[in-house]
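work17.txt (compact mmCIF, C-alpha atoms and all ligand atoms)
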# COMPACT_ATOMS: atom_id res chain seq x y z
CA MET A 1 16.24 -12.74 -15.18
CA SER A 2 14.60 -14.31 -12.16
CA ILE A 3 11.11 -13.64 -10.92
CA ILE A 4 11.03 -12.38 -7.32
CA VAL A 5 7.32 -11.74 -6.84
CA GLU A 6 4.62 -13.78 -8.55
CA VAL A 7 0.98 -12.90 -8.04
CA THR A 8 -1.78 -15.04 -9.52
CA ASP A 9 -5.51 -14.24 -9.55
CA LEU A 10 -5.26 -12.36 -6.25
CA THR A 11 -8.54 -11.10 -4.79
CA LYS A 12 -9.41 -9.34 -1.53
CA ARG A 13 -12.99 -8.76 -0.52
CA PHE A 14 -13.54 -6.91 2.77
CA ASN A 15 -17.31 -7.36 2.84
CA GLU A 16 -20.32 -7.54 0.52
CA GLU A 17 -19.72 -4.05 -0.84
CA VAL A 18 -15.95 -3.72 -0.94
CA LEU A 19 -13.99 -5.69 -3.51
CA ALA A 20 -10.63 -3.99 -2.84
CA VAL A 21 -8.46 -6.18 -5.08
CA ASP A 22 -10.12 -7.85 -8.02
CA ASN A 23 -8.34 -10.85 -9.52
CA ILE A 24 -4.92 -9.35 -10.29
CA SER A 25 -1.90 -11.19 -11.71
CA PHE A 26 1.63 -9.89 -12.32
CA THR A 27 5.29 -10.69 -11.76
CA VAL A 28 8.20 -8.57 -10.52
CA ASN A 29 11.73 -9.32 -11.74
CA GLU A 30 14.91 -9.26 -9.70
CA GLY A 31 16.48 -5.81 -9.38
CA GLU A 32 13.44 -4.09 -10.86
CA VAL A 33 11.58 -1.05 -9.51
CA PHE A 34 7.96 -2.05 -10.06
CA GLY A 35 5.16 0.41 -9.36
CA PHE A 36 1.44 0.33 -8.72
CA LEU A 37 -0.03 3.61 -9.97
CA GLY A 38 -3.61 4.41 -9.07
CA PRO A 39 -5.90 6.89 -7.32
CA ASN A 40 -7.03 6.75 -3.70
CA GLY A 41 -9.01 3.63 -2.99
CA ALA A 42 -7.65 1.73 -6.00
CA GLY A 43 -6.45 -1.18 -3.86
CA LYS A 44 -2.72 -0.39 -3.63
CA THR A 45 -2.29 -0.63 0.16
CA THR A 46 -4.47 -3.74 0.32
CA THR A 47 -2.21 -5.44 -2.24
CA ILE A 48 0.97 -4.42 -0.39
CA ASN A 49 -0.52 -5.63 2.89
CA ILE A 50 -1.25 -9.03 1.37
CA LEU A 51 2.23 -9.30 -0.16
CA THR A 52 3.86 -8.38 3.16
CA THR A 53 1.69 -10.93 5.09
CA LEU A 54 -0.29 -8.31 7.04
CA LEU A 55 -3.55 -9.32 5.37
CA ARG A 56 -4.84 -12.63 4.06
CA PRO A 57 -6.15 -12.79 0.51
CA THR A 58 -9.74 -13.88 -0.09
CA SER A 59 -8.52 -15.99 -3.01
CA GLY A 60 -5.55 -16.33 -5.32
CA LYS A 61 -1.88 -16.65 -4.58
CA ALA A 62 1.21 -14.52 -3.98
CA VAL A 63 4.71 -16.02 -3.96
CA ILE A 64 7.79 -14.03 -2.92
CA LEU A 65 11.27 -15.51 -3.40
CA GLY A 66 9.60 -18.87 -3.90
CA MET A 67 7.58 -18.65 -0.66
CA ASP A 68 3.79 -18.54 -0.53
CA VAL A 69 2.92 -15.48 1.58
CA SER A 70 -0.08 -17.23 3.13
CA LYS A 71 1.96 -20.25 4.23
CA LYS A 72 5.47 -18.97 5.03
CA GLN A 73 4.65 -15.75 6.85
CA ASP A 74 7.71 -15.63 9.14
CA GLU A 75 10.18 -16.49 6.38
CA VAL A 76 8.62 -13.92 4.04
CA ARG A 77 8.78 -11.21 6.73
CA LYS A 78 12.49 -11.85 7.28
CA ALA A 79 13.22 -11.61 3.56
CA ILE A 80 11.34 -8.38 2.86
CA GLY A 81 11.36 -4.79 4.07
CA LEU A 82 8.28 -2.59 4.36
CA VAL A 83 7.91 1.16 4.58
CA PRO A 84 4.21 1.62 5.28
CA GLN A 85 2.02 4.51 4.18
CA GLU A 86 1.54 5.76 7.75
CA LEU A 87 4.58 6.99 9.69
CA THR A 88 5.76 4.49 12.29
CA VAL A 89 8.87 6.09 13.82
CA ASP A 90 8.90 7.03 17.51
CA ASP A 91 8.94 10.82 17.97
CA GLU A 92 10.52 10.81 21.43
CA LEU A 93 13.56 8.79 20.34
CA SER A 94 16.45 9.91 18.17
CA GLY A 95 16.86 8.68 14.63
CA ARG A 96 19.69 6.38 15.73
CA GLU A 97 17.65 4.96 18.64
CA ASN A 98 14.79 4.22 16.27
CA MET A 99 17.24 2.35 14.06
CA TYR A 100 18.49 0.26 17.03
CA LEU A 101 14.90 -0.65 17.91
CA GLN A 102 14.32 -1.82 14.37
CA ALA A 103 17.60 -3.80 14.42
CA ASP A 104 16.49 -5.54 17.64
CA LEU A 105 13.13 -6.36 16.08
CA TYR A 106 14.95 -8.24 13.31
CA ASN A 107 17.57 -9.78 15.65
CA VAL A 108 20.51 -8.04 14.02
CA PRO A 109 23.49 -8.50 16.42
CA ARG A 110 24.62 -5.25 18.13
CA GLY A 111 28.05 -4.95 16.49
CA GLU A 112 26.65 -5.61 13.05
CA ALA A 113 23.71 -3.28 13.76
CA GLN A 114 26.07 -0.43 14.60
CA LYS A 115 27.87 -0.79 11.29
CA ARG A 116 24.69 -1.07 9.24
CA ILE A 117 23.04 1.84 11.03
CA ASP A 118 25.97 4.13 10.21
CA GLU A 119 25.88 3.04 6.58
CA LEU A 120 22.13 3.43 6.24
CA LEU A 121 21.96 6.80 7.97
CA GLU A 122 24.58 7.99 5.51
CA LEU A 123 22.70 6.50 2.56
CA VAL A 124 19.62 8.57 3.43
CA GLY A 125 21.63 11.66 4.37
CA LEU A 126 20.75 11.64 8.09
CA GLU A 127 24.22 11.12 9.58
CA ASP A 128 24.32 14.67 10.97
CA SER A 129 20.83 14.56 12.51
CA ALA A 130 20.97 10.98 13.76
CA ASP A 131 21.16 11.92 17.44
CA ARG A 132 18.35 14.46 17.44
CA ARG A 133 14.90 13.48 18.57
CA VAL A 134 12.65 12.56 15.65
CA LYS A 135 10.07 15.12 16.73
CA THR A 136 12.46 17.80 15.46
CA TYR A 137 12.62 16.17 12.00
CA SER A 138 10.80 17.43 8.91
CA GLY A 139 8.37 15.14 7.07
CA GLY A 140 11.03 14.31 4.50
CA MET A 141 13.59 13.40 7.18
CA ARG A 142 11.10 11.06 8.86
CA LYS A 143 10.39 9.36 5.55
CA ARG A 144 14.13 8.92 4.97
CA LEU A 145 14.52 7.42 8.44
CA GLU A 146 11.72 4.96 7.68
CA LEU A 147 13.40 4.06 4.43
CA ALA A 148 16.62 3.32 6.37
CA GLU A 149 14.64 1.29 8.95
CA GLY A 150 13.10 -0.81 6.19
CA LEU A 151 16.61 -1.81 5.11
CA ILE A 152 18.20 -2.77 8.45
CA HIS A 153 17.89 -6.54 7.92
CA ARG A 154 19.19 -6.32 4.31
CA PRO A 155 15.93 -7.40 2.67
CA ARG A 156 16.01 -8.65 -0.90
CA VAL A 157 12.70 -6.97 -1.67
CA LEU A 158 11.61 -3.58 -0.38
CA PHE A 159 7.96 -2.54 -0.32
CA LEU A 160 7.25 1.19 -0.28
CA ASP A 161 3.64 2.29 0.17
CA GLU A 162 3.33 5.86 -1.16
CA PRO A 163 6.94 6.77 -0.26
CA THR A 164 6.48 10.52 -0.82
CA LEU A 165 2.85 11.03 0.18
CA GLY A 166 2.22 14.63 1.23
CA LEU A 167 5.84 15.76 0.79
CA ASP A 168 6.75 18.85 -1.22
CA ILE A 169 8.30 18.43 -4.64
CA GLN A 170 11.94 19.12 -3.58
CA THR A 171 11.72 16.54 -0.80
CA ARG A 172 10.08 14.08 -3.16
CA THR A 173 12.89 14.53 -5.67
CA ALA A 174 15.45 13.91 -2.90
CA ILE A 175 13.69 10.67 -1.84
CA TRP A 176 13.66 9.51 -5.47
CA GLU A 177 17.42 10.07 -5.50
CA TYR A 178 17.86 7.88 -2.39
CA ILE A 179 15.78 5.12 -3.93
CA ARG A 180 17.83 5.27 -7.14
CA ASP A 181 21.11 5.21 -5.15
CA LEU A 182 19.88 2.24 -3.20
CA ARG A 183 19.07 0.35 -6.36
CA LYS A 184 22.49 1.15 -7.82
CA SER A 185 24.44 0.10 -4.73
CA THR A 186 22.52 -3.12 -4.00
CA ASN A 187 20.60 -5.51 -6.19
CA ILE A 188 17.41 -4.89 -4.25
CA THR A 189 14.01 -5.33 -5.87
CA VAL A 190 11.57 -2.51 -5.13
CA PHE A 191 7.77 -2.67 -5.20
CA LEU A 192 6.20 0.75 -4.68
CA THR A 193 2.77 2.26 -4.84
CA THR A 194 1.98 5.84 -5.71
CA HIS A 195 -0.73 8.12 -6.93
CA TYR A 196 1.84 10.59 -8.25
CA LEU A 197 2.25 10.28 -12.02
CA GLU A 198 5.74 11.85 -12.04
CA GLU A 199 6.90 9.50 -9.32
CA ALA A 200 5.86 6.41 -11.28
CA ASP A 201 7.37 7.90 -14.44
CA GLU A 202 10.69 8.85 -12.79
CA LEU A 203 11.33 5.76 -10.70
CA CYS A 204 9.68 2.71 -12.16
CA ASP A 205 11.03 0.27 -14.71
CA ARG A 206 7.49 -1.02 -15.15
CA ILE A 207 4.14 0.31 -13.98
CA ALA A 208 0.84 -1.43 -13.36
CA ILE A 209 -2.04 1.04 -13.63
CA ILE A 210 -4.58 -0.01 -11.03
CA ASP A 211 -8.14 1.25 -10.79
CA HIS A 212 -11.06 -0.14 -8.75
CA GLY A 213 -8.93 -3.11 -7.71
CA LYS A 214 -8.05 -4.15 -11.26
CA ILE A 215 -4.83 -3.87 -13.23
CA VAL A 216 -5.93 -2.10 -16.39
CA ALA A 217 -2.49 -1.79 -18.03
CA LEU A 218 1.05 -2.97 -17.29
CA ASP A 219 4.18 -1.89 -19.15
CA THR A 220 7.23 0.36 -19.10
CA PRO A 221 6.43 4.08 -18.65
CA GLU A 222 7.62 4.65 -22.22
CA MET A 223 5.37 1.97 -23.73
CA LEU A 224 2.36 3.07 -21.67
CA LYS A 225 2.76 6.57 -23.06
CA GLN A 226 3.37 5.38 -26.60
CA SER A 227 0.34 3.10 -26.46
CA VAL A 228 -1.88 6.16 -26.20
CA GLY A 229 -1.04 6.92 -29.82
CA GLY A 230 2.49 8.16 -29.94
CA ASP A 231 4.06 11.58 -30.22
CA VAL A 232 2.58 14.61 -31.95
CA LEU A 233 4.86 16.52 -34.28
CA SER A 234 3.76 19.89 -35.62
CA VAL A 235 5.68 21.22 -38.62
CA GLY A 236 5.05 24.60 -40.23
CA THR A 237 6.00 24.89 -43.93
CA ALA A 238 5.99 27.44 -46.69
CA LEU A 239 4.90 25.30 -49.65
CA ASP A 240 1.74 25.25 -51.79
CA LYS A 241 1.95 21.59 -52.71
CA ASP A 242 0.09 19.23 -50.34
CA LEU A 243 2.56 16.66 -48.95
CA THR A 244 0.05 14.74 -46.81
CA ALA A 245 0.38 11.53 -48.83
CA GLU A 246 4.19 11.69 -48.92
CA LEU A 247 4.41 12.33 -45.17
CA LYS A 248 2.02 9.47 -44.41
CA SER A 249 4.46 7.06 -46.02
CA VAL A 250 7.39 8.18 -43.86
CA SER A 251 8.44 5.42 -41.47
CA ASN A 252 7.12 5.73 -37.87
CA VAL A 253 4.42 8.17 -39.01
CA VAL A 254 0.92 7.03 -38.04
CA ASP A 255 -1.30 9.88 -39.22
CA VAL A 256 -0.98 13.27 -40.92
CA LYS A 257 -3.41 16.19 -40.91
CA ARG A 258 -2.81 19.43 -42.79
CA GLU A 259 -4.14 22.56 -41.15
CA GLY A 260 -3.24 25.47 -43.46
CA GLU A 261 0.52 25.69 -43.44
CA VAL A 262 0.97 23.36 -40.49
CA TYR A 263 1.14 19.58 -40.62
CA ARG A 264 0.06 17.78 -37.47
CA ILE A 265 1.73 14.42 -37.53
CA LYS A 266 1.11 11.53 -35.15
CA ALA A 267 4.23 9.37 -34.91
CA MET A 268 5.72 6.57 -32.91
CA ASN A 269 9.24 7.49 -31.69
CA GLY A 270 9.03 11.18 -32.54
CA GLU A 271 12.80 11.56 -32.26
CA VAL A 272 13.23 9.11 -35.15
CA ALA A 273 10.33 10.40 -37.23
CA THR A 274 11.21 14.11 -36.96
CA PRO A 275 14.36 14.16 -39.14
CA LEU A 276 12.69 11.86 -41.69
CA VAL A 277 9.68 14.20 -41.91
CA LEU A 278 11.90 17.27 -42.30
CA ASN A 279 13.93 15.54 -45.04
CA THR A 280 10.75 14.70 -46.94
CA ILE A 281 9.65 18.33 -46.86
CA TRP A 282 13.06 19.59 -47.94
CA ASN A 283 13.25 17.01 -50.75
CA HIS A 284 10.02 18.47 -52.14
CA GLY A 285 11.47 21.98 -52.09
CA GLY A 286 9.60 23.02 -48.93
CA VAL A 287 10.91 25.44 -46.31
CA VAL A 288 10.36 24.50 -42.68
CA THR A 289 9.23 27.48 -40.59
CA SER A 290 8.54 25.80 -37.24
CA VAL A 291 8.88 22.44 -35.53
CA SER A 292 7.52 21.20 -32.23
CA LEU A 293 7.32 17.73 -30.76
CA SER A 294 5.01 16.87 -27.89
CA ARG A 295 5.16 13.55 -26.15
CA PRO A 296 2.21 11.89 -24.45
CA THR A 297 2.13 11.88 -20.64
CA LEU A 298 1.29 9.13 -18.21
CA ASP A 299 -1.88 11.07 -17.39
CA GLN A 300 -3.01 10.59 -20.98
CA ALA A 301 -2.26 6.88 -20.62
CA PHE A 302 -4.25 6.82 -17.36
CA LEU A 303 -7.17 8.52 -19.12
CA GLU A 304 -7.00 6.07 -22.00
CA TYR A 305 -7.13 3.01 -19.75
CA THR A 306 -9.54 4.16 -17.04
CA GLY A 307 -11.75 6.65 -18.87
CA ARG A 308 -10.92 9.48 -16.46
CA SER A 309 -7.90 11.63 -15.66
CA MET A 310 -5.88 10.99 -12.53
CA ARG A 311 -7.13 14.29 -11.03
CA ASP A 312 -10.78 13.39 -11.57
CA ALA A 313 -10.14 9.93 -10.15
CA GLU A 314 -8.58 11.46 -7.03
CA GLN A 315 -11.56 13.78 -6.54
CA ALA A 316 -13.94 10.86 -6.92
CA GLY A 317 -11.93 9.10 -4.21
CA THR A 318 -12.36 11.98 -1.77
CA PHE A 319 -16.02 12.22 -2.60
CA ASP A 320 -16.54 8.52 -1.87
CA LYS A 321 -14.88 8.94 1.51
CA ARG A 322 -17.20 11.77 2.52
CA ALA A 323 -20.22 9.77 1.39
CA ALA A 324 -19.02 6.83 3.43
CA ALA A 325 -18.58 9.05 6.50
CA ARG A 326 -22.14 10.37 6.10
CA ALA A 327 -23.45 6.81 5.80
CA LEU A 328 -21.59 5.87 8.98
CA ARG A 329 -23.05 8.82 10.90
CA ARG A 330 -26.55 7.86 9.75
CA ARG A 331 -26.01 4.34 11.04
CA SER A 332 -24.80 5.38 14.49
N1 LIG A 401 -10.11 -2.86 6.52
C1 LIG A 401 -10.94 -2.49 5.54
N2 LIG A 401 -12.27 -2.73 5.64
C2 LIG A 401 -13.13 -2.37 4.67
N3 LIG A 401 -12.75 -1.74 3.52
C3 LIG A 401 -11.43 -1.47 3.36
C4 LIG A 401 -10.46 -1.81 4.36
N4 LIG A 401 -9.25 -1.42 3.92
C5 LIG A 401 -9.44 -0.86 2.72
N5 LIG A 401 -10.76 -0.87 2.37
C6 LIG A 401 -11.35 -0.38 1.11
O1 LIG A 401 -10.71 -1.06 0.04
C7 LIG A 401 -10.51 -0.21 -1.06
C8 LIG A 401 -9.03 -0.15 -1.40
O2 LIG A 401 -8.33 0.51 -0.35
P1 LIG A 401 -6.76 0.68 -0.35
O3 LIG A 401 -6.14 -0.63 -0.67
O4 LIG A 401 -6.39 1.33 0.93
O5 LIG A 401 -6.55 1.67 -1.57
P2 LIG A 401 -5.31 2.62 -1.94
O6 LIG A 401 -4.16 2.22 -1.09
O7 LIG A 401 -5.10 2.38 -3.39
O8 LIG A 401 -5.75 4.02 -1.67
C9 LIG A 401 -11.09 1.14 -0.67
O9 LIG A 401 -12.40 1.19 -1.16
C10 LIG A 401 -11.07 1.08 0.84
O10 LIG A 401 -12.07 1.92 1.39
MG MG A 402 -2.94 3.38 0.15
As structure tokens:
Amino acid sequence: MSIIVEVTDLTKRFNEEVLAVDNISFTVNEGEVFGFLGPNGAGKTTTINILTTLLRPTSGKAVILGMDVSKKQDEVRKAIGLVPQELTVDDELSGRENMYLQADLYNVPRGEAQKRIDELLELVGLEDSADRRVKTYSGGMRKRLELAEGLIHRPRVLFLDEPTLGLDIQTRTAIWEYIRDLRKSTNITVFLTTHYLEEADELCDRIAIIDHGKIVALDTPEMLKQSVGGDVLSVGTALDKDLTAELKSVSNVVDVKREGEVYRIKAMNGEVATPLVLNTIWNHGGVVTSVSLSRPTLDQAFLEYTGRSMRDAEQAGTFDKRAAARALRRRS
């Protein structure tokens, strides 16, 4: 597996007060969907802007496809695609015209552009609305157009900054589908940022949890969830004998608590542990009256690594912004 993005001790300081990115290191593998998950103000856009050559790092290094982003800016720009957080399409033009503009920007020859534009508009499901002005598009359609624009020069790495920000859940699900299709049909590497837990969970092969400019955890969604302490299995029994000790020795079981007739069992890989636990109860002549398995969520992982839930972190972000606005007004 080859490494496509390699970031080493990257730091961005905007001024005395703002350390937006604080000494982060990670790698992204070829063909992977890699996500930055973190609340508002965590440093996601700053990182993407450095990787896509729009900002210079204060210190540290980022290498994409073997090229240092601070030294080979033009080459890096040609090799990557970027769909920024803010919408960039022109409202007065049609979807197709926007695509031609983008093709010109990247010097794609006309004939080739025509072919690619048809393909891409189909990929994002806009073939029927391609000749309407973008101002008649919904938010989801605009986002899909931007996704198509980001692909016009066949980049090997695509950067998506909050690809479904502010869209409703159906539209978000549709965009996830387009990103998955894209990954299946090409060997593109995707780096995305999001503050939506489900989005990171659904799309990413690996997630870096970022908070206050630092990567606090980095793993597959499954491992991040498991690292919180595994699954919780609740089993109701009709049996006088206490099986706590026997259940504790079942493989994959981490902890067992008996609450009356119900055993609350912490386990790694609940789907493996469950039948083993049930067998143990049956082998001791017990009758199982209820079973439920609950799996940890990414929000629990977020809480574990940052000390606050994603929702609280988001509210803190909004609060900071208001405070900053007040400070600005006082100054002027
Ligand atoms: N141009 C800038 N000047 C000063 N501070 C900035 C600038 N851009 C971003 N910041 C600050 O850097 C931090 C990280 O911002 P950003 O990377 O946009 O976070 P995210 O994309 O995760 O919401 C925030 O505190 C933000 O206010
Ligand atoms: Mg951002």
- [ ] Give as a count of residues only the residues surrounding ligand LIG 401 (chain A) up to a distance of 10 Å, considering all atoms listed in the file.
- [x] 41
- [ ] Just give me the gap between atom CA of A:Ala62 and atom CA of A:Val76 in Å, one decimal is fine.
- [x]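 Result for atom CA of A:Ala62 versus atom CA of A:Val76: 10.9 Å, one decimal.
The nearest approach to A:Asn279 among the residues A:Val83, A:Lys143, A:Val235, A:Thr136, with only C-alpha atoms taken into account, belongs to A:Val235.
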TODO: Find the residue from A:Ser94, A:Phe159, A:Asp219, A:Lys115 that sits nearest to A:Asp131; use only C-alpha atoms when measuring.
DONE: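 Ranked by minimum distance to A:Asp131, first place goes to A:Ser94.
When atom CA of A:Val7 is paired with atom CA of A:Leu65, their separation reads 11.6 Å.
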Open item on the list: With all atoms listed in the file as the counted atoms, please give the residues lying no more than 8 Å from A:Glu149, apart from itself and same-chain residues fewer than 2 positions off, as a list of chain:residue names.
Closed with: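 Counting only the stated atoms, we get A:Asn98, A:Met99, A:Gln102, A:Leu145, A:Glu146, A:Leu147, A:Leu151, A:Ile152.
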TODO: State, in Å with one decimal place, the distance from atom CA of A:Ser309 to atom CA of A:Ile179.
DONE: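 These atoms are spaced 27.2 Å apart.
Counting all atoms listed in the file and comparing A:Asn23, A:Thr274, A:Asn269, A:Gln73, the residue that lies closest to A:Met223 is A:Asn269.
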TODO: Could you tell me which of A:Asp22, A:Asp9, A:Glu86, A:Glu222 comes closest to ligand MG 402 (chain A) if we count all atoms listed in the file?
DONE: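 Distance minimum relative to ligand MG 402 (chain A) lands on A:Glu86.
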Task: Point (13.6, -14.9, -10.8), cut-off 6 Å, counting only C-alpha atoms, residues as number ranges by chain - done: A: 1-4, 29-30
Open item on the list: Please list as a PyMOL selection string every residue within 12 Å of A:Asn252, counting all atoms listed in the file and excluding residues in the same chain fewer than 4 positions away.
Closed with: chain A and resi 226+229-233+247-248+256+265-277
- [ ] Pick out the closest residue to ligand MG 402 (chain A) from this set: A:Leu160, A:Gly236, A:Glu127, A:Ile80. Count only C-alpha atoms and all ligand atoms.
- [x]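 Of all the options, A:Leu160 lies closest to ligand MG 402 (chain A).
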Task: Residue nearest ligand MG 402 (chain A) among A:Leu278, A:Arg206, A:Thr164, A:Thr244 (counting only C-alpha atoms and all ligand atoms) - done: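 For ligand MG 402 (chain A), the nearest of the given residues is A:Thr164.
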TODO: Please provide the set of residues having any atom within 7 Å of A:Val287, restricted to all atoms listed in the file, with same-chain residues fewer than 6 positions apart removed, written as a PyMOL selection string.
DONE: chain A and resi 237-239
TODO: Give as a ChimeraX atom specification each residue that has an atom at most 10 Å from (-6.8, 10.2, -15.2) in the file, counting only C-alpha atoms.
DONE: /A:38-39,197,298-314
Include C-alpha atoms and write out the residues we just selected as a compact mmCIF listing (two decimals), keeping the file's coordinate frame.
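File written: selection16.txt
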# COMPACT_ATOMS: atom_id res chain seq x y z
CA GLY A 38 -3.61 4.41 -9.07
CA PRO A 39 -5.90 6.89 -7.32
CA LEU A 197 2.25 10.28 -12.02
CA LEU A 298 1.29 9.13 -18.21
CA ASP A 299 -1.88 11.07 -17.39
CA GLN A 300 -3.01 10.59 -20.98
CA ALA A 301 -2.26 6.88 -20.62
CA PHE A 302 -4.25 6.82 -17.36
CA LEU A 303 -7.17 8.52 -19.12
CA GLU A 304 -7.00 6.07 -22.00
CA TYR A 305 -7.13 3.01 -19.75
CA THR A 306 -9.54 4.16 -17.04
CA GLY A 307 -11.75 6.65 -18.87
CA ARG A 308 -10.92 9.48 -16.46
CA SER A 309 -7.90 11.63 -15.66
CA MET A 310 -5.88 10.99 -12.53
CA ARG A 311 -7.13 14.29 -11.03
CA ASP A 312 -10.78 13.39 -11.57
CA ALA A 313 -10.14 9.93 -10.15
CA GLU A 314 -8.58 11.46 -7.03
Task: Spatial neighbours of stretch 119-124 of chain A, 6 Å, only C-alpha atoms, chain gap at least 3 places, as a list of chain:residue names - done: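 Non-adjacent residues within range: A:Arg116, A:Glu127, A:Arg144, A:Ala148.
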TODO: Identify, on the basis of all atoms listed in the file, every residue whose closest approach to A:Lys72 does not exceed 12 Å; exclude the query and any residue fewer than 4 positions from it along the same chain; express the result as a ChimeraX atom specification.
DONE: /A:51-53,62-68,76-79
Produce a file of the selected residues containing C-alpha atoms, as an mmCIF file, in the frame of the given file.
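Written out: part06.cif:
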data_model
loop_
_atom_site.group_PDB
_atom_site.id
_atom_site.type_symbol
_atom_site.label_atom_id
_atom_site.label_comp_id
_atom_site.auth_asym_id
_atom_site.auth_seq_id
_atom_site.Cartn_x
_atom_site.Cartn_y
_atom_site.Cartn_z
ATOM 1 C CA LEU A 51 2.230 -9.300 -0.160
ATOM 2 C CA THR A 52 3.860 -8.380 3.160
ATOM 3 C CA THR A 53 1.690 -10.930 5.090
ATOM 4 C CA ALA A 62 1.210 -14.520 -3.980
ATOM 5 C CA VAL A 63 4.710 -16.020 -3.960
ATOM 6 C CA ILE A 64 7.790 -14.030 -2.920
ATOM 7 C CA LEU A 65 11.270 -15.510 -3.400
ATOM 8 C CA GLY A 66 9.600 -18.870 -3.900
ATOM 9 C CA MET A 67 7.580 -18.650 -0.660
ATOM 10 C CA ASP A 68 3.790 -18.540 -0.530
ATOM 11 C CA VAL A 76 8.620 -13.920 4.040
ATOM 12 C CA ARG A 77 8.780 -11.210 6.730
ATOM 13 C CA LYS A 78 12.490 -11.850 7.280
ATOM 14 C CA ALA A 79 13.220 -11.610 3.560
#
With N, CA and C atoms as the target, complete stretch 291-304 of chain A and hand it back as a PDB file, in the frame of the given file.
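File written: rebuild-v4.pdb
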ATOM      1  N   VAL A 291       8.951  23.859 -35.879  1.00  0.00           N
ATOM      2  CA  VAL A 291       8.880  22.440 -35.530  1.00  0.00           C
ATOM      3  C   VAL A 291       8.604  22.332 -34.037  1.00  0.00           C
ATOM      4  N   SER A 292       7.630  21.500 -33.657  1.00  0.00           N
ATOM      5  CA  SER A 292       7.520  21.200 -32.230  1.00  0.00           C
ATOM      6  C   SER A 292       7.084  19.760 -32.055  1.00  0.00           C
ATOM      7  N   LEU A 293       7.626  19.138 -31.014  1.00  0.00           N
ATOM      8  CA  LEU A 293       7.320  17.730 -30.760  1.00  0.00           C
ATOM      9  C   LEU A 293       6.729  17.632 -29.374  1.00  0.00           C
ATOM     10  N   SER A 294       5.521  17.079 -29.253  1.00  0.00           N
ATOM     11  CA  SER A 294       5.010  16.870 -27.890  1.00  0.00           C
ATOM     12  C   SER A 294       4.793  15.395 -27.657  1.00  0.00           C
ATOM     13  N   ARG A 295       5.238  14.964 -26.472  1.00  0.00           N
ATOM     14  CA  ARG A 295       5.160  13.550 -26.150  1.00  0.00           C
ATOM     15  C   ARG A 295       3.985  13.313 -25.221  1.00  0.00           C
ATOM     16  N   PRO A 296       3.344  12.156 -25.338  1.00  0.00           N
ATOM     17  CA  PRO A 296       2.210  11.890 -24.450  1.00  0.00           C
ATOM     18  C   PRO A 296       2.679  11.738 -22.995  1.00  0.00           C
ATOM     19  N   THR A 297       1.787  12.005 -22.064  1.00  0.00           N
ATOM     20  CA  THR A 297       2.130  11.880 -20.640  1.00  0.00           C
ATOM     21  C   THR A 297       1.484  10.625 -20.069  1.00  0.00           C
ATOM     22  N   LEU A 298       1.919  10.261 -18.880  1.00  0.00           N
ATOM     23  CA  LEU A 298       1.290   9.130 -18.210  1.00  0.00           C
ATOM     24  C   LEU A 298      -0.169   9.428 -17.885  1.00  0.00           C
ATOM     25  N   ASP A 299      -0.485  10.716 -17.681  1.00  0.00           N
ATOM     26  CA  ASP A 299      -1.880  11.070 -17.390  1.00  0.00           C
ATOM     27  C   ASP A 299      -2.769  10.734 -18.585  1.00  0.00           C
ATOM     28  N   GLN A 300      -2.234  10.961 -19.794  1.00  0.00           N
ATOM     29  CA  GLN A 300      -3.010  10.590 -20.980  1.00  0.00           C
ATOM     30  C   GLN A 300      -3.196   9.074 -21.046  1.00  0.00           C
ATOM     31  N   ALA A 301      -2.158   8.345 -20.649  1.00  0.00           N
ATOM     32  CA  ALA A 301      -2.260   6.880 -20.620  1.00  0.00           C
ATOM     33  C   ALA A 301      -3.316   6.470 -19.592  1.00  0.00           C
ATOM     34  N   PHE A 302      -3.278   7.124 -18.421  1.00  0.00           N
ATOM     35  CA  PHE A 302      -4.250   6.820 -17.360  1.00  0.00           C
ATOM     36  C   PHE A 302      -5.673   7.039 -17.868  1.00  0.00           C
ATOM     37  N   LEU A 303      -5.863   8.171 -18.542  1.00  0.00           N
ATOM     38  CA  LEU A 303      -7.170   8.520 -19.120  1.00  0.00           C
ATOM     39  C   LEU A 303      -7.616   7.456 -20.115  1.00  0.00           C
ATOM     40  N   GLU A 304      -6.695   7.055 -20.965  1.00  0.00           N
ATOM     41  CA  GLU A 304      -7.000   6.070 -22.000  1.00  0.00           C
ATOM     42  C   GLU A 304      -7.485   4.746 -21.379  1.00  0.00           C
TER      43      GLU A 304
END
